[in-house]
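Input: a single structure, listed below in structure tokens.
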Amino acid sequence: GMKAPSIIRAIEDDLAAGKACVIQVVSTGESLLKRRLETMDPEDELVEGALTPRDYVLGYLEQAFPIHAQKLVEIDGNMVAEPLRDETGALVVSREALALRDAAMMELMTLAPIPSALDQILWAFGDEAVAEVTGRSIRPLKAEDGHLFIEKRAASSNSSETQAFMDGEKDILIFSDAGGTGRSYHAAQTAKNQKRRRHYLLEPGWRADAAIQGLGRTHRSAQVSAPFFRVCTSDVHGEKRFTSTIAKRLDQLGALTKGQRETGSQGMFREEDNLESPIARAALRGYFADLAAGRAEAMSYKSFTDWTALRLIDKDGVLLEELPPIQRFLNRVLALPIHMQNALFAEFMRRIADQTERARAAGTLDLGVETLRGEKIEQVSTEDLWTCPKSGAVTRIIGLEVTDPVHVLGAEEAISRNPDKLPMVNRASGRAALISARPMQMYDEDIVTLMRKVVRPNGSSYLEEARFTSSAWEDIERPEFAKLWDAEAASLPKTTTTKLYLLTGLLLPIWKDIPTTNERIYRVTPDGATAMIGRTLSEEGAAALRARFLVSNPQTAQEMLTAALGTTAPVDLGRGLTLTRRRVAGEMRLELCGVDRGMIDGLKAMGCFTEIIAFQLRVFLPHGDGIDTGSILARIVGQEASMTSEQAA
């Protein structure tokens with residue numbers, strides 16, 4: 001009901017723009033209205049205060065407010081509160097507590113009544129403009145003079161109201177669960193009212209299937225235009241507890257019915273909206289650690305335990321092994337005053353957003369089945385990786401090249417989109433970047449890593465706090481920053497092409513052999529090819545699978561190279577030489593081992609290079625874009641040109 005004024009203003013704007021509005025609710029207030037009418041005198045006038053559930057809260061205060069005095073007694077060395085009784089055994093009432101309860105009840109009675117959202121919208125626009133499909137048999141309406149009166153409704157009113165909306169006689173429709181089954185409110189090609197629908201999900205309720213069914217009333221086949229969905233929430237952050245629950249259930253529903261979670265939530269909810277996800281649980285554990293250590297900004301640990309009664313540390317000050325579950329934490333937060341709720345939730349949600357953003361950048365965020373989009377998607381290679389001996393089904397590695405235009409923001413727009421980041425310059429390289437003003441806390445089990453996000457014209461990355469403090473990044477004035485940023489942005493290419501490998505076909509029997517560095521699932525339709533679905537692979541992951549299934553005993557130089565790229569085990573090249581994939585200074589290299597002094601000049605002449613690392617001379621095979629590594633390796637193993645006797649030695 002408190003959201004209704006904002007919804008009414010939004011509906012007025014939509015009507016002025018030529019749209020038709022559909023509002024989805026769960027509660028109608030009919031049972032409350034009937035109870036009020038039963039207790040009222042026939043001569044009494046119906047008022048708005050009678051249409052609010054205020055008496056429920058009054059009854060709760062009257063019966064459950066703790067008004068009895070207590071005393072502290074010591075049991076086994078612990079101080080425990082017990083009810084205080086008089087000489088007759090009756091409970092002693094605390095006058096102070098009684099006064100607090102009466103004051104709370106009096107304040108509640110003086111608050112302005114808040115009728116249901118359904119009634120407020122109906123009164124604001126009038127029943128002649130609003131089609132109500134809720135199944136109510138009676139409803140309160142307002143006369144021109146503002147007085148309320150009761151209107152009885154026929155059982156066939158749902159059908160007539162629906163027809164009035166579809167014929168364009170009414171541009172607003174409100175429906176509840178009773179009106180969300182078997183009816184269509186979409187902009188059908190056969191309907192007179194073909195205005196684009198604005199669908200307000202005012203009350204999602206607790207049933208995910210009912211919420212999805214309701215959303216489907218305005219989104220059907222043979223429609224002139226698709227609806228625009230709007231999920232309505234307040235600025236009370238504790239309400240995220242309820243939107244989180246419906247988001248979780250919608251995701252579960254989509255996973256069960258369609259095999260992909262995004263089908264369930266219809267794209268209305270983000271990963272951050274699910275407060276019960278693994279990422280949220282990891283963020284909560286880190287937040288508990290910060291609360292216990294006094295690093296949280298919203299409140300101190302003592303205030304947190306006083307208000308929520310949640311204990312996080314033992315008597316020695318060590319974080320508990322079994323911390324409160326996230327559901328209990330969320331429910332306790334709902335009992336806090338609004339300003340405390342908002343402060344605590346804002347800090348907690350910021351950590352979830354940081355975790356989610358980091359996981360998305362690392363490619364470890366589980367988003368279910370995604371649709372790969374690009375300006376141009378070209379299938380450049382196809383390899384049969386493995387054939388099932390029983391079914392004959394084939395597992396393939398598909399090489400894709402995705403071309404997209406590069407949208408580079410100007411310096412001023414980049415600053416406006418990143419208000420939490422500071423303009424900085426790296427004095428060593430002369431590059432400009434926007435860097436997080438504060439380090440983000442990334443949690444991995446019990447390990448906390450402080451990271452800074454770095455936004456540059458060509459993309460974003462993350463930098464550990466220790467490396468940031470020791471780097472050459474420093475603050476810069478905005479004019480100099482804009483000059484450096486715009487100069488680099490102007491030099492960037494207009495398009496970018498990304499190489500991507502997709503593992504398709506039969507995957508379950510070999511799932512344990514697939515590299516786990518990137519687990520995203522894509523649906524893609526390459527240009528001029530059929531649609532396919534598969535799991536993404538990096539170039540190193542694809543090489544590892546080739547080495548695992550295609551190369552068991554490498555004989556040719558190309559097979560040796562494939563085997564070396566696919567595993568960290570040394571590959572025998574003959575004559576005492578081995579080729580091993582290493583990671584040096586954060587980049588992948590191919591190292592030749594077993595090289596003696598007489599071979600170095602010959603190998604360098606063939607294209608290899610040397611480097612002194614930790615006081616040792618190491619020989620590497622060049623590898624990367626534009627380098628024919630296979631030909632160099634072929635000359636080394638003697639398959640294209642025989643080596644000289646000195647080289648062979």
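Please note that chains go A, B, ... in the order of the structure tokens, that every chain numbers its residues from 1, and that ligands are numbered from 1 in the order shown.
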
**OP:** Show which residues sit within 12 Å of stretch 620-626 of chain A, as a ChimeraX atom specification. Count only C-alpha atoms, and ignore same-chain residues fewer than 2 positions away.
**Re:** /A:499,539,561,564-565,578-584,587-595,600,603-613,617-618,628-636

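With only C-alpha atoms taken into account, the protein and nucleic acid residues at most 10 Å from A:Leu148 (excluding it and anything under 2 positions from it in its own chain) are A:Glu45, A:Leu46, A:Val47, A:Glu48, A:Trp123, A:Arg139, A:Pro140, A:Leu141, A:Lys142, A:Ala143, A:Glu144, A:Asp145, A:Gly146, A:Ile150, A:Glu151.
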
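Atom pair atom CA of A:Lys19 / atom CA of A:Asp171: separated by 7.8 Å.
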
**OP:** Might you pull out every residue within 10 Å of A:Glu62, with only C-alpha atoms counted and same-chain residues fewer than 5 positions away left off, and present them as JSON, numbers by chain?
**Re:** {"A": [56, 57, 67, 98, 101, 102, 104, 105]}

Using C-alpha atoms, can you write the selected residues to a file as a PDB file, in the first residue's frame?
ATOM      1  CA  TYR A  56      -3.608  -7.058  13.748  1.00  0.00           C
ATOM      2  CA  VAL A  57      -0.579  -5.079  14.913  1.00  0.00           C
ATOM      3  CA  ILE A  67       5.313  -5.881  30.087  1.00  0.00           C
ATOM      4  CA  LEU A  98       3.306  -0.860  30.242  1.00  0.00           C
ATOM      5  CA  ARG A 101       3.355  -0.455  25.114  1.00  0.00           C
ATOM      6  CA  ASP A 102       0.511   2.027  25.518  1.00  0.00           C
ATOM      7  CA  ALA A 104       3.346   2.462  20.894  1.00  0.00           C
ATOM      8  CA  MET A 105      -0.354   1.571  20.528  1.00  0.00           C
TER       9      MET A 105
END

**OP:** Give me, please, the distance in Å between atom CA of A:Phe345 and atom CA of A:Ser300, quoted to one decimal.
**Re:** 14.5 Å

Dump as JSON lines the rows for residues of stretch 483-539 of chain A within 10 Å of stretch 393-401 of chain A: closest atom pair and distance in Å with one decimal, only C-alpha atoms counted, ordered by chain and rising residue number.
{"residue": "A:Thr496", "atom": "CA", "partner": "A:Glu401", "partner_atom": "CA", "distance": 10.0}
{"residue": "A:Thr497", "atom": "CA", "partner": "A:Glu401", "partner_atom": "CA", "distance": 6.3}
{"residue": "A:Thr498", "atom": "CA", "partner": "A:Glu401", "partner_atom": "CA", "distance": 5.6}
{"residue": "A:Lys499", "atom": "CA", "partner": "A:Glu401", "partner_atom": "CA", "distance": 4.7}
{"residue": "A:Leu500", "atom": "CA", "partner": "A:Leu400", "partner_atom": "CA", "distance": 5.0}
{"residue": "A:Tyr501", "atom": "CA", "partner": "A:Gly399", "partner_atom": "CA", "distance": 4.6}
{"residue": "A:Leu502", "atom": "CA", "partner": "A:Ile398", "partner_atom": "CA", "distance": 5.0}
{"residue": "A:Leu503", "atom": "CA", "partner": "A:Ile397", "partner_atom": "CA", "distance": 4.7}
{"residue": "A:Thr504", "atom": "CA", "partner": "A:Arg396", "partner_atom": "CA", "distance": 5.4}
{"residue": "A:Gly505", "atom": "CA", "partner": "A:Thr395", "partner_atom": "CA", "distance": 4.6}
{"residue": "A:Leu506", "atom": "CA", "partner": "A:Thr395", "partner_atom": "CA", "distance": 5.1}
{"residue": "A:Leu507", "atom": "CA", "partner": "A:Thr395", "partner_atom": "CA", "distance": 6.6}
{"residue": "A:Leu508", "atom": "CA", "partner": "A:Thr395", "partner_atom": "CA", "distance": 9.9}
{"residue": "A:Pro509", "atom": "CA", "partner": "A:Thr395", "partner_atom": "CA", "distance": 9.9}
{"residue": "A:Ile510", "atom": "CA", "partner": "A:Thr395", "partner_atom": "CA", "distance": 9.1}
{"residue": "A:Val524", "atom": "CA", "partner": "A:Leu400", "partner_atom": "CA", "distance": 9.8}
{"residue": "A:Pro526", "atom": "CA", "partner": "A:Leu400", "partner_atom": "CA", "distance": 7.9}
{"residue": "A:Met532", "atom": "CA", "partner": "A:Ile398", "partner_atom": "CA", "distance": 9.8}
{"residue": "A:Gly534", "atom": "CA", "partner": "A:Ile398", "partner_atom": "CA", "distance": 9.1}
{"residue": "A:Arg535", "atom": "CA", "partner": "A:Ile397", "partner_atom": "CA", "distance": 9.7}
{"residue": "A:Thr536", "atom": "CA", "partner": "A:Ile397", "partner_atom": "CA", "distance": 9.5}
{"residue": "A:Leu537", "atom": "CA", "partner": "A:Ile397", "partner_atom": "CA", "distance": 8.8}
{"residue": "A:Glu539", "atom": "CA", "partner": "A:Gly399", "partner_atom": "CA", "distance": 9.7}

Subject >> Who sits within 10 Å of stretch 405-420 of chain A, only C-alpha atoms, same chain under 3 positions skipped, as a ChimeraX atom specification >> reply: /A:374-376,423,432-438,455-459,478-479,481-490,492-497

**OP:** Find the residue from A:Asp384, A:Glu464, A:Asp314, A:Glu132 that sits nearest to A:Val22; use only C-alpha atoms when measuring.
**Re:** A:Glu132
